[in-house]
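query_34.txt follows; it contains compact mmCIF, C-alpha atoms.
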# COMPACT_ATOMS: atom_id res chain seq x y z
CA MET A 1 1.42 -6.39 217.06
CA PRO A 2 4.91 -5.11 217.94
CA LYS A 3 7.39 -5.10 215.09
CA THR A 4 9.63 -8.18 215.18
CA ALA A 5 12.96 -8.80 213.53
CA CYS A 6 13.09 -11.10 210.53
CA ARG A 7 15.82 -13.46 211.73
CA GLN A 8 17.15 -16.33 209.65
CA GLN A 9 16.58 -18.72 212.54
CA ASP A 10 12.90 -17.78 212.61
CA LEU A 11 12.60 -18.39 208.87
CA GLU A 12 14.20 -21.81 209.31
CA LEU A 13 11.84 -22.72 212.15
CA LEU A 14 8.80 -21.60 210.16
CA LEU A 15 10.02 -23.54 207.13
CA ALA A 16 10.36 -26.67 209.28
CA GLU A 17 6.77 -26.28 210.54
CA VAL A 18 5.34 -25.94 207.04
CA GLN A 19 7.35 -28.79 205.54
CA GLU A 20 6.56 -31.05 208.47
CA PHE A 21 2.88 -30.77 207.57
CA TYR A 22 2.90 -30.66 203.77
CA GLY A 23 5.77 -33.13 203.43
CA GLN A 24 3.96 -35.99 205.16
CA THR A 25 3.78 -39.21 203.16
CA ILE A 26 0.01 -39.32 203.54
CA TYR A 27 -0.28 -36.22 201.33
CA ALA A 28 2.01 -37.55 198.60
CA GLY A 29 -0.89 -37.92 196.13
CA MET A 30 -2.11 -34.34 196.49
CA GLU A 31 0.38 -32.85 194.03
CA GLY A 32 -0.60 -35.27 191.28
CA GLY A 33 -4.30 -34.73 191.96
CA ILE A 34 -3.94 -30.96 191.68
CA ALA A 35 -1.86 -31.29 188.51
CA LYS A 36 -4.61 -33.34 186.87
CA LYS A 37 -7.14 -30.54 187.23
CA LYS A 38 -5.34 -27.95 185.09
CA PRO A 39 -2.27 -28.19 182.84
CA ILE A 40 -0.99 -24.90 184.31
CA TYR A 41 -0.41 -26.62 187.65
CA ARG A 42 1.53 -29.43 186.01
CA LEU A 43 3.76 -26.84 184.33
CA LEU A 44 4.13 -24.82 187.54
CA PHE A 45 5.15 -27.86 189.58
CA ALA A 46 7.70 -28.88 186.93
CA ILE A 47 9.25 -25.39 186.95
CA VAL A 48 9.42 -25.35 190.77
CA ARG A 49 11.09 -28.77 190.92
CA ARG A 50 13.76 -27.66 188.45
CA GLY A 51 14.25 -24.15 189.81
CA SER A 52 14.27 -24.83 193.55
CA SER A 53 18.00 -25.66 193.45
CA PHE A 54 18.85 -22.06 192.52
CA ARG A 55 18.76 -19.20 194.99
CA ILE A 56 17.88 -16.64 192.32
CA PHE A 57 14.82 -18.74 191.43
CA SER A 58 13.76 -18.77 195.08
CA LEU A 59 14.15 -15.00 195.19
CA LEU A 60 11.95 -14.58 192.12
CA LEU A 61 9.42 -16.99 193.59
CA LEU A 62 9.20 -14.89 196.76
CA VAL A 63 8.77 -11.73 194.71
CA GLY A 64 5.93 -13.37 192.79
CA VAL A 65 4.14 -14.34 196.01
CA LEU A 66 4.62 -10.89 197.53
CA LEU A 67 3.25 -9.09 194.48
CA PHE A 68 0.40 -11.35 193.47
CA HIS A 69 -0.71 -13.76 196.22
CA ARG A 70 -4.22 -12.73 197.20
CA HIS A 71 -4.06 -14.24 200.68
CA LEU A 72 -1.93 -11.42 202.06
CA ARG A 73 -4.44 -9.35 204.03
CA CYS A 74 -4.18 -6.48 206.50
CA PRO A 75 -6.67 -5.64 209.28
CA GLN A 76 -8.45 -2.33 209.24
CA LYS A 77 -7.45 0.31 211.78
CA ARG A 78 -8.99 0.47 215.25
CA LYS A 79 -10.04 -3.19 215.21
CA GLN A 80 -9.25 -5.32 218.24
CA ILE A 81 -9.85 -8.83 216.88
CA PHE A 82 -8.42 -9.93 213.53
CA GLN A 83 -10.07 -13.08 212.15
CA TYR A 84 -8.07 -14.58 209.29
CA GLY A 85 -9.34 -17.35 206.99
CA LEU A 86 -10.40 -16.69 203.40
CA SER A 87 -12.33 -19.79 202.35
CA ARG A 88 -16.10 -19.92 202.59
CA ASN A 89 -15.87 -22.59 205.31
CA ASN A 90 -13.45 -20.38 207.28
CA ILE A 91 -15.86 -17.45 207.12
CA VAL A 92 -18.76 -19.68 208.24
CA ALA A 93 -16.63 -20.73 211.22
CA PHE A 94 -16.10 -17.07 212.17
CA GLU A 95 -19.84 -16.49 211.89
CA ARG A 96 -20.40 -19.32 214.38
CA LEU A 97 -17.88 -17.76 216.74
CA ASN A 98 -19.32 -14.26 216.44
CA VAL A 99 -22.85 -15.49 217.15
CA CYS A 100 -21.53 -16.62 220.55
CA LEU A 101 -20.36 -13.06 221.29
CA SER A 102 -23.91 -11.67 220.97
CA GLY A 103 -22.85 -8.48 219.19
CA ARG A 104 -20.54 -7.43 222.01
CA TYR A 105 -17.52 -7.07 219.74
CA ASP A 106 -19.20 -6.19 216.44
CA ALA A 107 -17.41 -2.85 216.11
CA GLU A 108 -14.05 -4.39 217.00
CA ILE A 109 -13.99 -7.54 214.83
CA ASP A 110 -12.35 -7.51 211.42
CA VAL A 111 -12.90 -10.60 209.28
CA ASN A 112 -10.06 -10.92 206.76
CA GLY A 113 -9.33 -7.20 206.65
CA LEU A 114 -8.39 -5.71 203.29
CA PRO A 115 -6.06 -6.96 200.54
CA ALA A 116 -2.49 -5.86 201.13
CA SER A 117 -1.83 -2.68 199.18
CA LEU A 118 0.41 -2.70 196.13
CA ARG A 119 2.60 -0.16 197.87
CA SER A 120 3.20 -2.41 200.88
CA ARG A 121 3.80 -5.41 198.64
CA ILE A 122 6.39 -3.55 196.58
CA ALA A 123 8.06 -2.16 199.70
CA THR A 124 8.62 -5.72 200.92
CA ALA A 125 9.65 -7.03 197.51
CA VAL A 126 12.39 -4.40 197.06
CA SER A 127 13.91 -5.06 200.48
CA LEU A 128 16.69 -7.08 198.87
CA SER A 129 18.58 -8.04 202.02
CA ARG A 130 15.49 -9.60 203.59
CA LEU A 131 14.47 -11.17 200.31
CA TRP A 132 17.91 -12.71 199.78
CA GLN A 133 17.79 -14.05 203.34
CA GLY A 134 14.46 -15.75 202.63
CA ALA A 135 15.69 -17.09 199.30
CA SER A 136 18.79 -18.47 201.00
CA VAL A 137 16.69 -20.42 203.50
CA LEU A 138 14.38 -21.72 200.75
CA GLU A 139 17.28 -22.86 198.58
CA ARG A 140 19.20 -24.45 201.45
CA TYR A 141 16.23 -26.42 202.80
CA ARG A 142 14.36 -26.98 199.55
CA HIS A 143 11.84 -29.82 199.50
CA ARG A 144 12.19 -32.47 196.81
CA GLU A 145 8.48 -32.19 195.95
CA ALA A 146 7.02 -29.07 194.33
CA LEU A 147 3.83 -28.62 196.39
CA PRO A 148 5.49 -28.55 199.85
CA HIS A 149 8.18 -26.24 198.43
CA LEU A 150 5.54 -23.84 197.06
CA GLN A 151 3.65 -23.78 200.34
CA THR A 152 6.91 -23.08 202.15
CA ALA A 153 7.67 -20.20 199.78
CA ILE A 154 4.26 -18.68 200.50
CA ALA A 155 4.86 -18.94 204.25
CA ILE A 156 8.33 -17.39 203.99
CA ALA A 157 6.99 -14.55 201.82
CA ALA A 158 4.18 -13.94 204.32
CA HIS A 159 6.69 -13.83 207.16
CA LEU A 160 8.76 -11.24 205.26
CA PHE A 161 5.62 -9.20 204.63
CA TYR A 162 4.20 -9.25 208.16
CA THR A 163 7.50 -8.52 209.85
CA ARG A 164 7.84 -5.43 207.66
CA HIS A 165 4.12 -4.54 207.95
CA PRO A 166 3.03 -5.92 211.36
CA LEU A 167 -0.56 -6.05 212.53
CA PRO A 168 -1.67 -2.76 214.15
CA SER A 169 -0.97 -2.40 217.86
CA GLN A 170 -4.73 -2.22 218.53
CA VAL A 171 -5.08 -5.89 217.59
CA SER A 172 -5.11 -7.89 220.81
CA LEU A 173 -6.35 -11.23 219.42
CA LEU A 174 -5.52 -13.11 216.22
CA CYS A 175 -8.12 -15.73 215.35
CA VAL A 176 -7.64 -18.28 212.56
CA ALA A 177 -9.97 -20.91 211.13
CA THR A 178 -7.26 -22.92 209.37
CA ASP A 179 -4.18 -24.26 211.10
CA HIS A 180 -2.25 -25.20 207.95
CA SER A 181 -2.69 -22.34 205.50
CA PRO A 182 0.86 -21.07 204.82
CA VAL A 183 -0.09 -17.42 205.43
CA ALA A 184 -1.93 -18.33 208.64
CA MET A 185 1.08 -20.35 209.81
CA ALA A 186 3.33 -17.32 209.24
CA LEU A 187 0.92 -14.99 211.05
CA LEU A 188 0.67 -17.36 214.00
CA PHE A 189 4.44 -17.81 214.15
CA ILE A 190 4.94 -14.04 214.38
CA ALA A 191 2.07 -13.65 216.87
CA ARG A 192 3.66 -16.14 219.26
CA ARG A 193 7.02 -14.39 218.96
CA SER A 194 5.46 -11.01 219.77
CA GLY A 195 3.15 -12.18 222.58
CA LEU A 196 -0.12 -11.59 220.70
CA LYS A 197 -2.97 -13.82 221.94
CA THR A 198 -4.16 -16.45 219.46
CA CYS A 199 -7.40 -18.39 218.96
CA TYR A 200 -8.14 -21.27 216.60
CA ILE A 201 -11.67 -22.20 215.55
CA GLN A 202 -12.09 -25.50 213.74
CA HIS A 203 -13.78 -25.31 210.33
CA ALA A 204 -13.73 -28.97 209.19
CA PRO A 205 -12.99 -32.46 210.55
CA VAL A 206 -9.37 -33.04 211.49
CA THR A 207 -6.95 -35.95 211.76
CA GLU A 208 -3.83 -36.82 213.71
CA TYR A 209 -1.78 -35.57 210.75
CA PHE A 210 -2.75 -31.94 211.41
CA PRO A 211 -0.37 -29.56 213.22
CA PRO A 212 -0.63 -29.93 217.02
CA LEU A 213 -2.59 -27.25 218.85
CA ASN A 214 -0.49 -24.28 219.91
CA TYR A 215 -2.95 -21.50 220.77
CA ASP A 216 -4.15 -19.57 223.79
CA LEU A 217 -7.63 -20.89 222.99
CA SER A 218 -8.86 -23.66 220.68
CA LEU A 219 -12.55 -23.97 219.76
CA LEU A 220 -13.10 -27.55 218.58
CA TYR A 221 -16.12 -29.35 217.18
CA ASP A 222 -16.26 -32.35 219.48
CA GLN A 223 -14.38 -34.93 221.54
CA ALA A 224 -13.26 -36.77 218.40
CA SER A 225 -11.44 -33.62 217.32
CA VAL A 226 -9.82 -33.31 220.76
CA ALA A 227 -8.63 -36.91 220.42
CA ALA A 228 -7.24 -36.26 216.92
CA TYR A 229 -5.19 -33.28 218.11
CA THR A 230 -4.00 -35.26 221.13
CA LYS A 231 -2.67 -37.91 218.71
CA ALA A 232 -1.13 -35.16 216.55
CA ALA A 233 0.86 -33.94 219.54
CA ALA A 234 1.83 -37.46 220.61
CA ARG A 235 3.12 -38.27 217.09
CA ARG A 236 5.54 -35.35 217.39
CA GLY A 237 6.46 -35.95 221.02
CA ILE A 238 4.82 -32.69 222.14
CA SER A 239 3.19 -32.22 225.52
CA ARG A 240 1.63 -28.86 226.31
CA LYS A 241 -1.46 -27.72 228.20
CA GLN A 242 -4.24 -26.41 226.00
CA ARG A 243 -7.34 -24.34 226.68
CA ILE A 244 -10.08 -26.09 224.68
CA VAL A 245 -13.77 -25.23 224.47
CA ILE A 246 -16.21 -27.38 222.51
CA LEU A 247 -18.22 -25.37 219.96
CA THR A 248 -20.47 -27.53 217.79
CA PRO A 249 -20.76 -26.43 214.15
CA PHE A 250 -24.52 -27.01 214.29
CA ALA A 251 -27.30 -24.64 215.28
CA GLU A 252 -30.16 -27.15 214.94
CA GLU A 253 -30.92 -30.40 216.76
CA PHE A 254 -29.58 -33.79 215.71
CA LYS A 255 -31.83 -35.99 213.53
CA GLN A 256 -31.55 -39.77 213.43
CA PRO A 257 -30.73 -41.04 209.90
CA GLN A 258 -33.70 -42.99 208.57
CA SER A 259 -34.72 -44.91 205.46
CA THR A 260 -36.82 -43.20 202.81
CA ARG A 261 -39.15 -44.48 200.14
CA ARG A 262 -38.03 -45.31 196.64
CA PRO A 263 -37.13 -43.92 194.17
CA TYR A 264 -34.11 -42.28 195.80
CA ARG A 265 -32.45 -38.97 195.08
CA ILE A 266 -28.74 -39.67 195.54
CA GLY A 267 -26.41 -36.88 196.59
CA MET A 268 -22.76 -37.33 195.64
CA CYS A 269 -20.05 -35.12 197.14
CA LEU A 270 -16.92 -34.57 195.07
CA SER A 271 -13.40 -34.07 196.37
CA ALA A 272 -11.08 -31.22 195.45
CA VAL A 273 -8.80 -33.88 193.91
CA PRO A 274 -11.16 -36.52 192.49
CA GLN A 275 -10.32 -39.67 190.60
CA VAL A 276 -12.52 -38.72 187.65
CA ALA A 277 -12.59 -42.11 185.90
CA GLN A 278 -13.61 -44.00 189.05
CA LEU A 279 -16.13 -41.30 189.95
CA THR A 280 -17.74 -41.42 186.51
CA GLY A 281 -17.96 -45.21 186.68
CA LEU A 282 -19.72 -45.08 190.05
CA MET A 283 -22.14 -42.44 188.76
CA GLU A 284 -23.05 -44.67 185.82
CA GLN A 285 -23.73 -47.63 188.12
CA VAL A 286 -25.84 -45.63 190.55
CA SER A 287 -27.81 -43.71 187.92
CA ASN A 288 -28.77 -46.92 186.10
CA HIS A 289 -30.15 -48.56 189.25
CA SER A 290 -33.93 -48.96 189.10
CA SER A 291 -34.39 -47.40 192.56
CA VAL A 292 -32.64 -44.12 191.69
CA SER A 293 -34.59 -41.17 190.29
CA GLN A 294 -31.85 -38.52 190.31
CA ILE A 295 -28.21 -37.85 191.16
CA VAL A 296 -27.28 -34.45 192.59
CA LEU A 297 -23.57 -33.57 192.51
CA ARG A 298 -22.00 -31.18 195.00
CA CYS A 299 -18.58 -30.08 193.78
CA HIS A 300 -15.76 -29.02 196.05
CA PRO A 301 -15.17 -25.22 195.76
CA ARG A 302 -11.78 -25.92 194.14
CA PHE A 303 -13.09 -28.37 191.52
CA ARG A 304 -15.82 -28.16 188.91
CA PHE A 305 -17.01 -31.40 187.32
CA GLU A 306 -18.04 -31.45 183.66
CA VAL A 307 -20.98 -33.85 183.25
CA SER A 308 -21.65 -35.84 180.10
CA HIS A 309 -25.08 -37.48 180.22
CA GLU A 310 -24.46 -40.18 177.61
CA ASN A 311 -24.24 -43.23 179.88
CA PHE A 312 -26.46 -42.14 182.77
CA GLY A 313 -29.92 -43.57 183.33
CA ALA A 314 -31.33 -41.18 185.95
CA PRO A 315 -30.85 -37.40 185.49
CA VAL A 316 -27.60 -35.95 186.86
CA VAL A 317 -27.80 -32.42 188.28
CA LEU A 318 -24.94 -30.15 189.33
CA GLN A 319 -25.66 -28.05 192.41
CA GLU A 320 -25.08 -24.36 191.82
CA GLN A 321 -21.54 -23.37 192.74
CA ASN A 322 -22.34 -21.09 195.69
CA ALA A 323 -25.37 -23.00 197.00
CA SER A 324 -25.24 -24.10 200.64
CA LEU A 325 -24.57 -27.57 201.94
CA ALA A 326 -27.91 -27.40 203.77
CA SER A 327 -29.80 -26.89 200.50
CA PHE A 328 -27.92 -29.81 198.96
CA LEU A 329 -28.82 -32.11 201.85
CA ASP A 330 -32.45 -31.00 201.74
CA SER A 331 -32.62 -32.02 198.08
CA VAL A 332 -31.43 -35.64 198.49
CA ASP A 333 -32.38 -38.83 200.35
CA ILE A 334 -29.01 -40.63 200.52
CA VAL A 335 -25.50 -39.16 200.51
CA LEU A 336 -22.33 -40.71 199.09
CA VAL A 337 -19.05 -39.17 200.22
CA PRO A 338 -15.31 -39.61 199.65
CA SER A 339 -12.98 -38.59 202.50
CA SER A 340 -14.90 -35.43 203.30
CA GLY A 341 -15.88 -33.20 206.19
CA VAL A 342 -19.38 -33.11 204.71
CA THR A 343 -19.90 -36.49 206.36
CA ILE A 344 -20.72 -35.26 209.85
CA GLU A 345 -23.21 -32.59 208.78
CA ALA A 346 -24.97 -35.03 206.46
CA LEU A 347 -25.40 -37.51 209.34
CA HIS A 348 -26.35 -34.73 211.76
CA ARG A 349 -29.20 -33.73 209.44
CA GLY A 350 -30.54 -37.27 209.33
CA LYS A 351 -29.26 -38.37 205.92
CA PRO A 352 -28.07 -42.00 205.56
CA THR A 353 -24.49 -41.47 204.39
CA PHE A 354 -22.03 -43.95 202.85
CA TYR A 355 -18.31 -43.88 202.10
CA THR A 356 -17.19 -44.35 198.50
CA ASP A 357 -13.63 -45.65 198.35
CA GLY A 358 -11.19 -44.71 195.59
CA MET A 359 -12.99 -41.55 194.47
CA ASP A 360 -10.17 -39.13 195.29
CA GLU A 361 -6.42 -38.83 195.76
CA LEU A 362 -6.55 -39.02 199.56
CA PRO A 363 -5.69 -42.25 201.37
CA GLU A 364 -8.55 -44.65 202.02
CA ASP A 365 -10.73 -43.57 204.97
CA TYR A 366 -8.52 -40.52 205.60
CA TYR A 367 -10.66 -39.23 208.48
CA GLY A 368 -11.13 -42.70 210.02
CA PHE A 369 -14.94 -42.53 209.85
CA VAL A 370 -15.22 -46.09 208.50
CA ALA A 371 -12.74 -47.50 211.02
CA GLU A 372 -14.65 -45.79 213.84
CA GLY A 373 -17.96 -47.27 212.69
CA ILE A 374 -19.42 -43.86 211.83
CA LEU A 375 -19.68 -44.49 208.08
CA PRO A 376 -20.57 -47.74 206.32
CA LYS A 377 -18.92 -48.43 202.96
CA PHE A 378 -21.24 -48.03 200.00
CA ASP A 379 -22.36 -51.12 198.14
CA LEU A 380 -24.81 -50.87 195.26
CA THR A 381 -26.95 -53.67 196.74
CA VAL A 382 -28.00 -51.38 199.61
CA LEU A 383 -30.33 -49.68 197.11
CA ASP A 384 -32.23 -52.96 196.62
CA ASP A 385 -33.78 -52.96 200.10
CA SER A 386 -34.94 -49.79 201.88
CA ASP A 387 -34.43 -51.48 205.28
CA LEU A 388 -30.72 -51.83 204.57
CA ILE A 389 -30.27 -48.11 204.07
CA ALA A 390 -30.68 -47.21 207.74
CA ALA A 391 -29.58 -50.53 209.22
CA HIS A 392 -26.13 -49.23 210.17
CA PHE A 393 -27.49 -46.18 212.01
CA ASP A 394 -28.86 -47.84 215.14
CA ALA A 395 -28.57 -47.09 218.87
CA VAL A 396 -25.02 -48.44 219.02
CA TRP A 397 -24.05 -46.16 216.13
CA LYS A 398 -25.67 -43.18 217.87
CA ALA A 399 -23.57 -43.82 221.00
CA ARG A 400 -20.44 -43.68 218.82
CA PHE A 401 -21.59 -40.65 216.86
CA VAL A 402 -21.90 -38.46 219.95
CA ARG A 403 -18.10 -38.11 219.88
CA TYR A 404 -18.50 -36.33 216.53
CA ASP A 405 -21.68 -34.38 217.24
CA ALA A 406 -22.16 -32.79 220.66
CA THR A 407 -25.81 -31.94 219.86
CA VAL A 408 -26.73 -35.63 220.18
CA ASP A 409 -26.89 -35.23 223.96
CA SER A 410 -26.29 -31.56 224.85
CA ALA A 411 -27.70 -28.07 224.22
CA VAL A 412 -25.96 -25.45 222.09
CA ALA A 413 -26.65 -22.43 224.34
CA SER A 414 -24.29 -23.47 227.14
CA ALA A 415 -21.42 -23.91 224.68
CA HIS A 416 -22.03 -20.41 223.30
CA GLN A 417 -21.69 -18.92 226.78
CA SER A 418 -18.47 -20.82 227.45
CA VAL A 419 -17.00 -19.47 224.21
CA ALA A 420 -18.05 -15.89 225.04
CA ASN A 421 -16.37 -16.13 228.45
CA ALA A 422 -13.20 -17.59 226.96
CA ILE A 423 -12.91 -14.85 224.32
CA ALA A 424 -13.51 -12.15 226.94
CA GLY A 425 -10.58 -13.54 228.90
CA LEU A 426 -8.26 -13.14 225.90
CA THR A 427 -9.13 -9.55 225.01
CA ARG A 428 -8.83 -6.25 226.77
CA LYS A 429 -12.58 -6.07 227.22
CA ILE A 430 -12.77 -8.48 230.16
CA ASP A 431 -16.01 -8.80 232.06
CA ALA A 432 -15.93 -7.37 235.56

Translate the structure described by the file into structure tokens.
Amino acid sequence: MPKTACRQQDLELLLAEVQEFYGQTIYAGMEGGIAKKKPIYRLLFAIVRRGSSFRIFSLLLLVGVLLFHRHLRCPQKRKQIFQYGLSRNNIVAFERLNVCLSGRYDAEIDVNGLPASLRSRIATAVSLSRLWQGASVLERYRHREALPHLQTAIAIAAHLFYTRHPLPSQVSLLCVATDHSPVAMALLFIARRSGLKTCYIQHAPVTEYFPPLNYDLSLLYDQASVAAYTKAAARRGISRKQRIVILTPFAEEFKQPQSTRRPYRIGMCLSAVPQVAQLTGLMEQVSNHSSVSQIVLRCHPRFRFEVSHENFGAPVVLQEQNASLASFLDSVDIVLVPSSGVTIEALHRGKPTFYTDGMDELPEDYYGFVAEGILPKFDLTVLDDSDLIAAHFDAVWKARFVRYDATVDSAVASAHQSVANAIAGLTRKIDA
């Protein structure tokens, strides 16, 4: 990537992008939910709210991000494609993409590179004129809430870092699996300024509140995701042509959700920001139902639930932290979910799945699955009659679900070829 100047106007534009996403009213409960998990977050947010009015605080905040934030990564030399996205789900998305390429780019793909060296971090942190410029922008346009302000500081720090240490010139394609990570937003901002080709691969369900698509190529799950991004653009008054290819997240065929025999093994998926009291109450109700033999909990990677077995009838088991979603779904008969991307895979694998309201800090039916008729709301009485469990998942439901799962009526192989052709068109290694 050619070296680009770190202009104040660019920092202001990047700041506006980040705050536009994280400052949305719909995410207002996220800060409180995160603060509940660990006292350190509550303290950090309080410090940021008080200190954000002072430029020297913003400068120190940027220095802290530059020196210690683990998400600053640099691609290895002689790699043509840099794939950036550090979460497990991001990496799984890149694996799906790379399967489509049939080994053609194996020697030229770098997934997440290497951690930025201490030397490069320090070199950016001691560039006082740039740092003061970034602190000035942060202080002038500070957000009243701590979480959006912190995310903005991370993005500004990443911009300072990558303008001083740009991606190697050999990189011809930047691919991201998250469109709202602050570091990814900074990388993409610089890539667009420098003319570097960009690709986005979806890693989880999306809503109209996500940033509008702005890539040379977008690899989306399904038509429902296309519709969500279309609404995202319309909400912001944006109209731009997009190259979109559908790439299902599934390798296996769709299975129709069906009833199972009692007693039931209930799988409960936990949010990153759960409402612990409500969640515990629901667990007690479900575990004490006569038709339930076991509850299996799948925690979000950013939250670990501590289970006390005092009031539970059926055994409650925590899935191992790094175990796969597939193994979780194979171990249960019925799945209960909050607002979660797990929903679609659970239904795809034939598991009757129900929405549990009020179990996390997100707004009710955040992804719209209930409103769209994809998910029924959970009621304890459904466990009284096995016929009720699959009643919602009929032929009419299947016709709706195809918008969320392309494997309902199409093969995976043709999508893989379309992706391979699209990637070839973005890189220097173009098929003859």

query = If we count only C-alpha atoms, what is near stretch 237-246 of chain A at a cut-off of 6 Å, once residues fewer than 3 positions away on the same chain are taken out, given as a ChimeraX atom specification?
reply = /A:217-222,233-234

note = Closest of A:Phe94, A:Phe82, A:Phe68, A:Phe393 to A:Ala116, counting all atoms listed in the file, is A:Phe68

ask   = Can you tell me, as number ranges by chain, what residues are no more than 10 Å from A:Gln151 when counting only C-alpha atoms, ignoring any on the same chain fewer than 3 positions away?
value = A: 15, 18-19, 22, 146-148, 154-157, 180-183

request  = Take the point (-25.5, -36.1, 191.2) as written in the file and pick out every residue within 6 Å of it, counting all atoms listed in the file; give the list as a VMD selection string.
outcome  = chain A and resid 267 to 268 295 to 297 316 to 317

Can those selected residues be exported to a file as a tab-separated table (two decimals), in the frame of the given file so that it contains C-alpha atoms?
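Wrote result-v5.tsv, looks like this:
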chain	number	residue	atom	x	y	z
A	267	GLY	CA	-26.41	-36.88	196.59
A	268	MET	CA	-22.76	-37.33	195.64
A	295	ILE	CA	-28.21	-37.85	191.16
A	296	VAL	CA	-27.28	-34.45	192.59
A	297	LEU	CA	-23.57	-33.57	192.51
A	316	VAL	CA	-27.60	-35.95	186.86
A	317	VAL	CA	-27.80	-32.42	188.28

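In this model, the gap between atom CA of A:Tyr141 and atom CA of A:Leu128 comes to 19.7 Å.
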
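If you count only C-alpha atoms and ignore residues fewer than 2 places along the chain from A:Thr353, what sits within 8 Å of it is Ile334, Val335, Leu336, Val337, Thr343, Ala346, Leu347, Lys351, Tyr355, Leu375 and Pro376 of chain A.
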
The selected residues should be written to file as an mmCIF file, in the coordinates of the input (atoms: C-alpha atoms).
data_model
loop_
_atom_site.group_PDB
_atom_site.id
_atom_site.type_symbol
_atom_site.label_atom_id
_atom_site.label_comp_id
_atom_site.auth_asym_id
_atom_site.auth_seq_id
_atom_site.Cartn_x
_atom_site.Cartn_y
_atom_site.Cartn_z
ATOM 1 C CA ILE A 334 -29.010 -40.630 200.520
ATOM 2 C CA VAL A 335 -25.500 -39.160 200.510
ATOM 3 C CA LEU A 336 -22.330 -40.710 199.090
ATOM 4 C CA VAL A 337 -19.050 -39.170 200.220
ATOM 5 C CA THR A 343 -19.900 -36.490 206.360
ATOM 6 C CA ALA A 346 -24.970 -35.030 206.460
ATOM 7 C CA LEU A 347 -25.400 -37.510 209.340
ATOM 8 C CA LYS A 351 -29.260 -38.370 205.920
ATOM 9 C CA TYR A 355 -18.310 -43.880 202.100
ATOM 10 C CA LEU A 375 -19.680 -44.490 208.080
ATOM 11 C CA PRO A 376 -20.570 -47.740 206.320
#
